[in-house]
Amino acid sequence: MAEINNFIKTIMQNDLDSGRVKEIITRFPPEPNAYLHIGHARAIITNFELAKAFNGKTNLRFDDTNPAKEDQEFVDGIINDLAWLGYKPDKILYGSDYFEKTYEKAILLIKKGLAYVDDLSQEEMSKYRGTLTEPGINSPYRNRTVEENLELFAQMRAGKFAEGEKTLRAKIDMAHPNINMRDPAMYRILHIKHHRQGNKWCIYPMYDFAHPLQDSFEGVTHSLCSLEYDNHRILYDWFIEKCEMEHVPHQYEFGRLNITNTIMSKRYLRALVDAKKVSGYDDPRMPTLCGLRRRGFTPDSIRNFILATGLSRVNSTVDSEQLDEELRNDLKLKTLRPNAVINPLKVIIDNYPSGQVEYLSCPNNAENPELGERKIAFSKEVYIEKDDFIEQKPNKKWKRLALGVEVRLMHAYFITATSVEKDANGNVILVHATYDPSTKSGSGFDGRKPNGNIHFVEATTAIPTEFRLFEPLMVDETEENKDLDFMQRLNPNSLSIHNGYAEESLKNTKPLDHYQFIRNGYYTTDIDSTSDKLVFNRTCGLKSSFKL
């Protein structure tokens, strides 16, 4: 795996050398309101790999301060995703565990005259806040006494007010050039049961207030976040200072990662699930980590992809094909290469003995002899790909089967197509052929050169198989479709299902087993597979147009 190397690593090294910190401690702080997607992988891998580079620690901290959409299902999913990627947090923590300590810091700010209870609604406050070019206006409740604010805040906690009726705000500067500093909300009222705290609380801290305090409570040295929080850093530092935090963490921002033809929004992904446009969060078309895992991407391919994209202070967009390329690089020498026919066409070898099945040796991976060999069946009836046959050879470049043309069935014999049978619409449904017994693979035959080398699956031992082929779930925004809703930009061809056959060596395959099907691409066994019918997801094709 590539070594992590970026501007934040340089900062960490300087902080250690200068003595500002004695140990690197980072954290990954997801909100448990959805499943993680490939965009979150950048934050996960960056935090864990940077800390590991300095023998430091990384905590998993659930930002569970908004019970409206949070659920234990997502907590469990996030823990599983981190384990699958190969990362073990030093500690698993929850923002809700700090509710009492956070409440005490809010009391401190009230007593210092730096926080007040406000009666303005969210809509009213948005009008008071001003604009980027105009200063805000002080709330009429801004000058309440410390005693009144303490009493009202206690009543908020006791559940005396309805949602939206009161808000605790920091008292900073309504004319500050940074709008985030114009009396930001610290607490709001939510009469919703919390997934861990139950009904103990009905007031919940806002992210901008809770997050820096939690970083400090945990001794985090480098609080890493995406670039959108750049203009929140001044507020982060303000809360650390005014709350008199003993440990002072520092926030650092990096650019977001965008991937072509990929939805990178939890809100949009949730909408797809709710609208049943996909089978669930683990649909192989989804960019969620559980969806990528089910499709067949490996932890190493995702880590190498993230590290290869680098890290900077600007947002970046990379080609989704780069992730496919990392998958190929990871599995090329690791996987078995069995035969599977996606779009089958039966071939009957008329001069082969009826009722006979022989087994021929072939390598499991021609590029890695250490994976050994296996036996494949051969008989009078075999399946080939429809695309590997055409009635009349069109030109010299055609290197597959045609009438009167001889090809090698891979690791078996030479066959020559002699005639076809068609359906009522004129489509070829069966090919008749003959074989040359002297051309058995491995026999030392050194005669004529065939017109190509095509794979096959023997018919009597073939396992009925469903192959799921994928295209991007959504097409990128263009000048032509820029006015369309994202649901209207969904690709109607994102999933196509083909019923074919796989060789009998795959009868004991298990979910998430990886294969390179000869000439067809990289595939993974799906959880829907049964003993009667296998199901494989195509992870990616064999060839790439991507250039590193």
# chains A, B, ... in the order shown; residues from 1 in each chain; ligands from 1
call {"tool": "residues_around", "arguments": {"residues": "Gln155 in chain A", "least_positions_apart": "3", "cutoff": "12 Å", "atoms": "only C-alpha atoms", "output": "ChimeraX atom specification"}}
result
/A:117,148-152,158-162,165-168,189,201-203
call {"tool": "write_last_selection", "arguments": {"atoms": "C-alpha atoms", "output": "mmCIF file, in the first residue's frame"}}
result
data_model
loop_
_atom_site.group_PDB
_atom_site.id
_atom_site.type_symbol
_atom_site.label_atom_id
_atom_site.label_comp_id
_atom_site.auth_asym_id
_atom_site.auth_seq_id
_atom_site.Cartn_x
_atom_site.Cartn_y
_atom_site.Cartn_z
ATOM 1 C CA VAL A 117 -31.521 32.381 25.928
ATOM 2 C CA GLU A 148 -32.625 35.165 33.956
ATOM 3 C CA ASN A 149 -30.627 33.206 31.408
ATOM 4 C CA LEU A 150 -29.625 30.606 33.993
ATOM 5 C CA GLU A 151 -33.253 30.154 35.023
ATOM 6 C CA LEU A 152 -34.543 29.924 31.458
ATOM 7 C CA ALA A 158 -36.535 20.511 32.371
ATOM 8 C CA GLY A 159 -38.762 20.390 29.306
ATOM 9 C CA LYS A 160 -40.822 23.506 30.092
ATOM 10 C CA PHE A 161 -40.778 24.795 26.509
ATOM 11 C CA ALA A 162 -41.842 23.536 23.104
ATOM 12 C CA GLU A 165 -39.628 28.225 21.550
ATOM 13 C CA LYS A 166 -36.211 28.922 23.095
ATOM 14 C CA THR A 167 -32.609 28.686 21.881
ATOM 15 C CA LEU A 168 -29.361 29.179 23.751
ATOM 16 C CA ILE A 189 -34.993 21.974 22.076
ATOM 17 C CA TRP A 201 -32.454 15.095 27.573
ATOM 18 C CA CYS A 202 -34.711 17.385 25.563
ATOM 19 C CA ILE A 203 -32.038 19.976 24.775
#
call {"tool": "select_by_dssp", "arguments": {"residues": "range 181-364 of chain A", "states": "strand (DSSP E)", "output": "number ranges by chain"}}
result
A: 185-189, 203-205, 222-226, 250-254, 257-259, 316-318, 340-341, 344-349, 357-363
call {"tool": "write_last_selection", "arguments": {"atoms": "N, CA and C atoms", "output": "compact mmCIF listing (two decimals), in the first residue's frame"}}
result
# COMPACT_ATOMS: atom_id res chain seq x y z
N ALA A 185 -26.19 29.53 17.43
CA ALA A 185 -26.95 28.70 18.35
C ALA A 185 -26.02 27.69 19.02
N MET A 186 -26.23 27.47 20.31
CA MET A 186 -25.48 26.48 21.07
C MET A 186 -26.35 25.28 21.45
N TYR A 187 -27.61 25.56 21.79
CA TYR A 187 -28.54 24.50 22.16
C TYR A 187 -29.90 24.75 21.53
N ARG A 188 -30.57 23.65 21.10
CA ARG A 188 -31.95 23.74 20.65
C ARG A 188 -32.77 22.69 21.39
N ILE A 189 -34.07 22.88 21.39
CA ILE A 189 -34.99 21.97 22.08
C ILE A 189 -35.49 20.93 21.09
N ILE A 203 -32.84 18.93 25.42
CA ILE A 203 -32.04 19.98 24.77
C ILE A 203 -30.76 19.32 24.27
N TYR A 204 -30.36 19.73 23.08
CA TYR A 204 -29.21 19.09 22.44
C TYR A 204 -28.25 20.14 21.91
N PRO A 205 -26.93 19.93 22.15
CA PRO A 205 -25.94 20.93 21.70
C PRO A 205 -25.79 20.90 20.18
N HIS A 222 -5.13 16.95 16.49
CA HIS A 222 -5.36 17.46 15.14
C HIS A 222 -6.77 17.05 14.71
N SER A 223 -7.65 18.02 14.71
CA SER A 223 -9.05 17.80 14.36
C SER A 223 -9.21 18.06 12.86
N LEU A 224 -9.31 16.99 12.09
CA LEU A 224 -9.32 17.11 10.63
C LEU A 224 -10.75 17.11 10.10
N CYS A 225 -11.03 18.03 9.18
CA CYS A 225 -12.38 18.14 8.63
C CYS A 225 -12.30 18.65 7.19
N SER A 226 -13.42 18.61 6.50
CA SER A 226 -13.45 19.05 5.11
C SER A 226 -13.44 20.57 5.03
N HIS A 250 -6.38 21.67 17.68
CA HIS A 250 -6.35 22.55 16.51
C HIS A 250 -7.11 21.90 15.37
N GLN A 251 -7.85 22.72 14.64
CA GLN A 251 -8.61 22.22 13.49
C GLN A 251 -7.83 22.47 12.20
N TYR A 252 -7.85 21.47 11.31
CA TYR A 252 -7.21 21.59 10.00
C TYR A 252 -8.18 21.08 8.94
N GLU A 253 -8.25 21.78 7.81
CA GLU A 253 -9.21 21.43 6.77
C GLU A 253 -8.51 20.90 5.53
N PHE A 254 -9.19 19.99 4.85
CA PHE A 254 -8.69 19.48 3.56
C PHE A 254 -9.83 19.47 2.57
N LEU A 257 -13.44 15.23 -1.72
CA LEU A 257 -13.19 14.37 -2.87
C LEU A 257 -14.49 14.13 -3.61
N ASN A 258 -14.53 14.53 -4.87
CA ASN A 258 -15.67 14.23 -5.73
C ASN A 258 -15.25 13.20 -6.76
N ILE A 259 -16.16 12.31 -7.13
CA ILE A 259 -15.87 11.24 -8.08
C ILE A 259 -16.90 11.32 -9.20
N SER A 316 -11.34 18.42 -5.09
CA SER A 316 -10.86 17.78 -6.31
C SER A 316 -11.89 16.78 -6.82
N THR A 317 -11.81 16.50 -8.11
CA THR A 317 -12.67 15.51 -8.74
C THR A 317 -11.79 14.50 -9.46
N VAL A 318 -12.05 13.23 -9.24
CA VAL A 318 -11.28 12.17 -9.89
C VAL A 318 -12.22 11.28 -10.68
N ALA A 340 -16.93 -18.56 -17.11
CA ALA A 340 -18.36 -18.26 -16.97
C ALA A 340 -18.84 -17.67 -18.28
N VAL A 341 -20.03 -18.03 -18.67
CA VAL A 341 -20.61 -17.54 -19.91
C VAL A 341 -21.81 -16.67 -19.56
N PRO A 344 -25.17 -17.00 -23.07
CA PRO A 344 -24.80 -18.30 -23.61
C PRO A 344 -25.39 -18.63 -24.98
N LEU A 345 -24.57 -19.32 -25.76
CA LEU A 345 -24.99 -19.91 -27.02
C LEU A 345 -24.47 -21.35 -27.01
N LYS A 346 -25.38 -22.31 -27.21
CA LYS A 346 -24.96 -23.71 -27.13
C LYS A 346 -24.27 -24.14 -28.43
N VAL A 347 -23.22 -24.91 -28.26
CA VAL A 347 -22.50 -25.52 -29.37
C VAL A 347 -22.54 -27.04 -29.18
N ILE A 348 -23.01 -27.76 -30.21
CA ILE A 348 -22.99 -29.22 -30.18
C ILE A 348 -21.86 -29.70 -31.09
N ILE A 349 -20.95 -30.47 -30.49
CA ILE A 349 -19.81 -31.00 -31.24
C ILE A 349 -20.22 -32.38 -31.75
N VAL A 357 -17.88 -37.38 -20.71
CA VAL A 357 -17.39 -36.12 -20.13
C VAL A 357 -15.95 -36.35 -19.69
N GLU A 358 -15.04 -35.57 -20.21
CA GLU A 358 -13.64 -35.67 -19.79
C GLU A 358 -13.23 -34.40 -19.05
N TYR A 359 -12.19 -34.55 -18.24
CA TYR A 359 -11.73 -33.41 -17.45
C TYR A 359 -10.31 -33.03 -17.87
N LEU A 360 -10.13 -31.74 -18.14
CA LEU A 360 -8.87 -31.23 -18.67
C LEU A 360 -8.23 -30.29 -17.65
N SER A 361 -6.92 -30.29 -17.61
CA SER A 361 -6.20 -29.44 -16.65
C SER A 361 -6.05 -28.02 -17.20
N CYS A 362 -6.17 -27.06 -16.30
CA CYS A 362 -5.90 -25.66 -16.67
C CYS A 362 -5.45 -24.89 -15.43
N PRO A 363 -4.66 -23.85 -15.61
CA PRO A 363 -4.19 -23.07 -14.46
C PRO A 363 -5.30 -22.26 -13.83
call {"tool": "select_by_dssp", "arguments": {"residues": "range 262-348 of chain A", "states": "helix (DSSP H, G or I)", "output": "PyMOL selection string"}}
result
chain A and resi 266-274+289-295+299-309+321-331
call {"tool": "residues_around", "arguments": {"residues": "Asp319 in chain A", "least_positions_apart": "2", "cutoff": "6 Å", "atoms": "only C-alpha atoms", "output": "ChimeraX atom specification"}}
result
/A:259-260,321-322
call {"tool": "write_last_selection", "arguments": {"atoms": "C-alpha atoms", "output": "compact mmCIF listing (two decimals), in the first residue's frame"}}
result
# COMPACT_ATOMS: atom_id res chain seq x y z
CA ILE A 259 -15.87 11.24 -8.08
CA THR A 260 -17.35 11.35 -11.57
CA GLU A 321 -12.39 4.56 -13.42
CA GLN A 322 -9.41 5.08 -11.12
call {"tool": "residues_around", "arguments": {"residues": "Arg519 in chain A", "least_positions_apart": "2", "cutoff": "10 Å", "atoms": "only C-alpha atoms", "output": "list in words"}}
result
Arg337, Pro338, Asn339, Ala340, Val341, Ile454, His455, Gln516, Phe517, Gly521, Tyr522, Gly541, Leu542 and Lys543 of chain A
call {"tool": "atom_distance", "arguments": {"atom1": "CA of Tyr128 in chain A", "atom2": "CA of Leu114 in chain A"}}
result
18.4 Å
call {"tool": "residues_around", "arguments": {"residues": "range 206-219 of chain A", "least_positions_apart": "2", "cutoff": "8 Å", "atoms": "only C-alpha atoms", "output": "VMD selection string"}}
result
chain A and resid 25 65 95 98 102 185 to 188 204 221 223 232 235 to 237 239 to 240 245 to 249
call {"tool": "residues_around", "arguments": {"residues": "Gly310 in chain A", "least_positions_apart": "6", "cutoff": "10 Å", "atoms": "only C-alpha atoms", "output": "short mmCIF file (atom, residue, chain, number, x, y, z; two decimals) with all heavy atoms, in the first residue's frame"}}
result
data_model
loop_
_atom_site.label_atom_id
_atom_site.label_comp_id
_atom_site.auth_asym_id
_atom_site.auth_seq_id
_atom_site.Cartn_x
_atom_site.Cartn_y
_atom_site.Cartn_z
N ILE A 4 1.20 7.30 3.10
CA ILE A 4 0.51 8.58 3.13
C ILE A 4 1.52 9.71 3.23
O ILE A 4 2.52 9.63 3.96
CB ILE A 4 -0.50 8.64 4.30
CG1 ILE A 4 -1.40 9.87 4.17
CG2 ILE A 4 0.20 8.61 5.65
CD1 ILE A 4 -2.62 9.84 5.07
N ASN A 5 1.28 10.76 2.46
CA ASN A 5 2.21 11.89 2.45
C ASN A 5 1.45 13.12 1.99
O ASN A 5 1.04 13.22 0.84
CB ASN A 5 3.38 11.59 1.50
CG ASN A 5 4.50 12.61 1.64
OD1 ASN A 5 4.58 13.30 2.65
ND2 ASN A 5 5.34 12.70 0.64
N ASN A 6 1.22 14.07 2.88
CA ASN A 6 0.46 15.27 2.53
C ASN A 6 0.82 16.42 3.47
O ASN A 6 1.65 16.26 4.38
CB ASN A 6 -1.05 14.99 2.54
CG ASN A 6 -1.52 14.40 3.86
OD1 ASN A 6 -1.27 14.95 4.93
ND2 ASN A 6 -2.19 13.24 3.79
N PHE A 7 0.16 17.56 3.27
CA PHE A 7 0.52 18.76 4.02
C PHE A 7 0.20 18.62 5.51
O PHE A 7 0.87 19.21 6.36
CB PHE A 7 -0.18 19.99 3.42
CG PHE A 7 -1.65 20.09 3.69
CD1 PHE A 7 -2.14 20.91 4.69
CD2 PHE A 7 -2.56 19.35 2.94
CE1 PHE A 7 -3.50 21.01 4.94
CE2 PHE A 7 -3.92 19.44 3.17
CZ PHE A 7 -4.40 20.28 4.18
N ARG A 42 -12.27 8.87 2.61
CA ARG A 42 -11.12 9.78 2.64
C ARG A 42 -10.84 10.23 4.07
O ARG A 42 -9.68 10.23 4.51
CB ARG A 42 -11.37 11.00 1.75
CG ARG A 42 -10.35 12.11 1.96
CD ARG A 42 -10.49 13.26 1.00
NE ARG A 42 -9.69 13.03 -0.19
CZ ARG A 42 -9.37 13.98 -1.07
NH1 ARG A 42 -9.80 15.21 -0.91
NH2 ARG A 42 -8.63 13.71 -2.13
N THR A 46 -7.53 9.00 5.99
CA THR A 46 -6.62 10.10 6.32
C THR A 46 -6.34 10.14 7.81
O THR A 46 -5.17 10.23 8.25
CB THR A 46 -7.20 11.44 5.85
OG1 THR A 46 -7.33 11.44 4.43
CG2 THR A 46 -6.33 12.60 6.29
N GLY A 255 -9.50 19.43 1.28
CA GLY A 255 -10.50 19.49 0.23
C GLY A 255 -11.34 18.23 0.16
O GLY A 255 -10.90 17.13 0.47
N LEU A 257 -13.44 15.23 -1.72
CA LEU A 257 -13.19 14.37 -2.87
C LEU A 257 -14.49 14.13 -3.61
O LEU A 257 -15.46 13.61 -3.03
CB LEU A 257 -12.60 13.03 -2.42
CG LEU A 257 -12.38 11.98 -3.52
CD1 LEU A 257 -11.32 12.46 -4.49
CD2 LEU A 257 -11.99 10.65 -2.90
N SER A 316 -11.34 18.42 -5.09
CA SER A 316 -10.86 17.78 -6.31
C SER A 316 -11.89 16.78 -6.82
O SER A 316 -12.72 16.29 -6.07
CB SER A 316 -9.53 17.06 -6.04
OG SER A 316 -9.69 16.07 -5.05
#
call {"tool": "residues_around", "arguments": {"residues": "range 350-352 of chain A", "least_positions_apart": "5", "cutoff": "8 Å", "atoms": "only C-alpha atoms", "output": "list in words"}}
result
Ser379, Lys380, His432, Ala433, Thr434 and Tyr435 of chain A
call {"tool": "write_last_selection", "arguments": {"atoms": "C-alpha atoms", "output": "mmCIF file, in the first residue's frame"}}
result
data_model
loop_
_atom_site.group_PDB
_atom_site.id
_atom_site.type_symbol
_atom_site.label_atom_id
_atom_site.label_comp_id
_atom_site.auth_asym_id
_atom_site.auth_seq_id
_atom_site.Cartn_x
_atom_site.Cartn_y
_atom_site.Cartn_z
ATOM 1 C CA SER A 379 -18.184 -32.918 -23.562
ATOM 2 C CA LYS A 380 -20.296 -32.998 -26.694
ATOM 3 C CA HIS A 432 -23.073 -27.382 -34.757
ATOM 4 C CA ALA A 433 -19.345 -28.057 -34.893
ATOM 5 C CA THR A 434 -16.724 -30.739 -35.160
ATOM 6 C CA TYR A 435 -13.548 -31.164 -33.134
#
call {"tool": "atom_distance", "arguments": {"atom1": "CA of Pro353 in chain A", "atom2": "CA of Asp387 in chain A"}}
result
26.8 Å
call {"tool": "decode", "arguments": {"residues": "range 184-226 of chain A", "atoms": "C-alpha atoms", "output": "short mmCIF file (atom, residue, chain, number, x, y, z; two decimals), in the first residue's frame"}}
result
data_model
loop_
_atom_site.label_atom_id
_atom_site.label_comp_id
_atom_site.auth_asym_id
_atom_site.auth_seq_id
_atom_site.Cartn_x
_atom_site.Cartn_y
_atom_site.Cartn_z
CA PRO A 184 -24.54 31.16 16.76
CA ALA A 185 -26.95 28.70 18.35
CA MET A 186 -25.48 26.48 21.07
CA TYR A 187 -28.54 24.50 22.16
CA ARG A 188 -31.95 23.74 20.65
CA ILE A 189 -34.99 21.97 22.08
CA LEU A 190 -35.92 18.55 20.66
CA HIS A 191 -38.54 16.40 22.36
CA ILE A 192 -37.26 13.23 20.70
CA LYS A 193 -36.05 10.00 22.28
CA HIS A 194 -32.29 9.58 21.91
CA HIS A 195 -30.99 6.21 20.70
CA ARG A 196 -28.65 5.93 23.72
CA GLN A 197 -29.81 8.52 26.28
CA GLY A 198 -33.51 7.77 25.98
CA ASN A 199 -35.65 10.67 27.25
CA LYS A 200 -33.05 11.99 29.69
CA TRP A 201 -32.45 15.09 27.57
CA CYS A 202 -34.71 17.38 25.56
CA ILE A 203 -32.04 19.98 24.77
CA TYR A 204 -29.21 19.09 22.44
CA PRO A 205 -25.94 20.93 21.70
CA MET A 206 -25.29 22.17 18.18
CA TYR A 207 -22.35 20.77 16.25
CA ASP A 208 -20.26 23.97 16.31
CA PHE A 209 -20.48 24.07 20.11
CA ALA A 210 -20.20 20.38 20.93
CA HIS A 211 -17.51 19.38 18.50
CA PRO A 212 -14.57 21.46 19.76
CA LEU A 213 -15.41 20.57 23.36
CA GLN A 214 -15.50 16.87 22.56
CA ASP A 215 -12.13 17.16 20.80
CA SER A 216 -10.74 18.77 23.92
CA PHE A 217 -12.28 16.26 26.33
CA GLU A 218 -10.62 13.43 24.35
CA GLY A 219 -7.21 15.07 23.98
CA VAL A 220 -7.43 15.25 20.18
CA THR A 221 -4.40 17.09 18.80
CA HIS A 222 -5.36 17.46 15.14
CA SER A 223 -9.05 17.80 14.36
CA LEU A 224 -9.32 17.11 10.63
CA CYS A 225 -12.38 18.14 8.63
CA SER A 226 -13.45 19.05 5.11
#
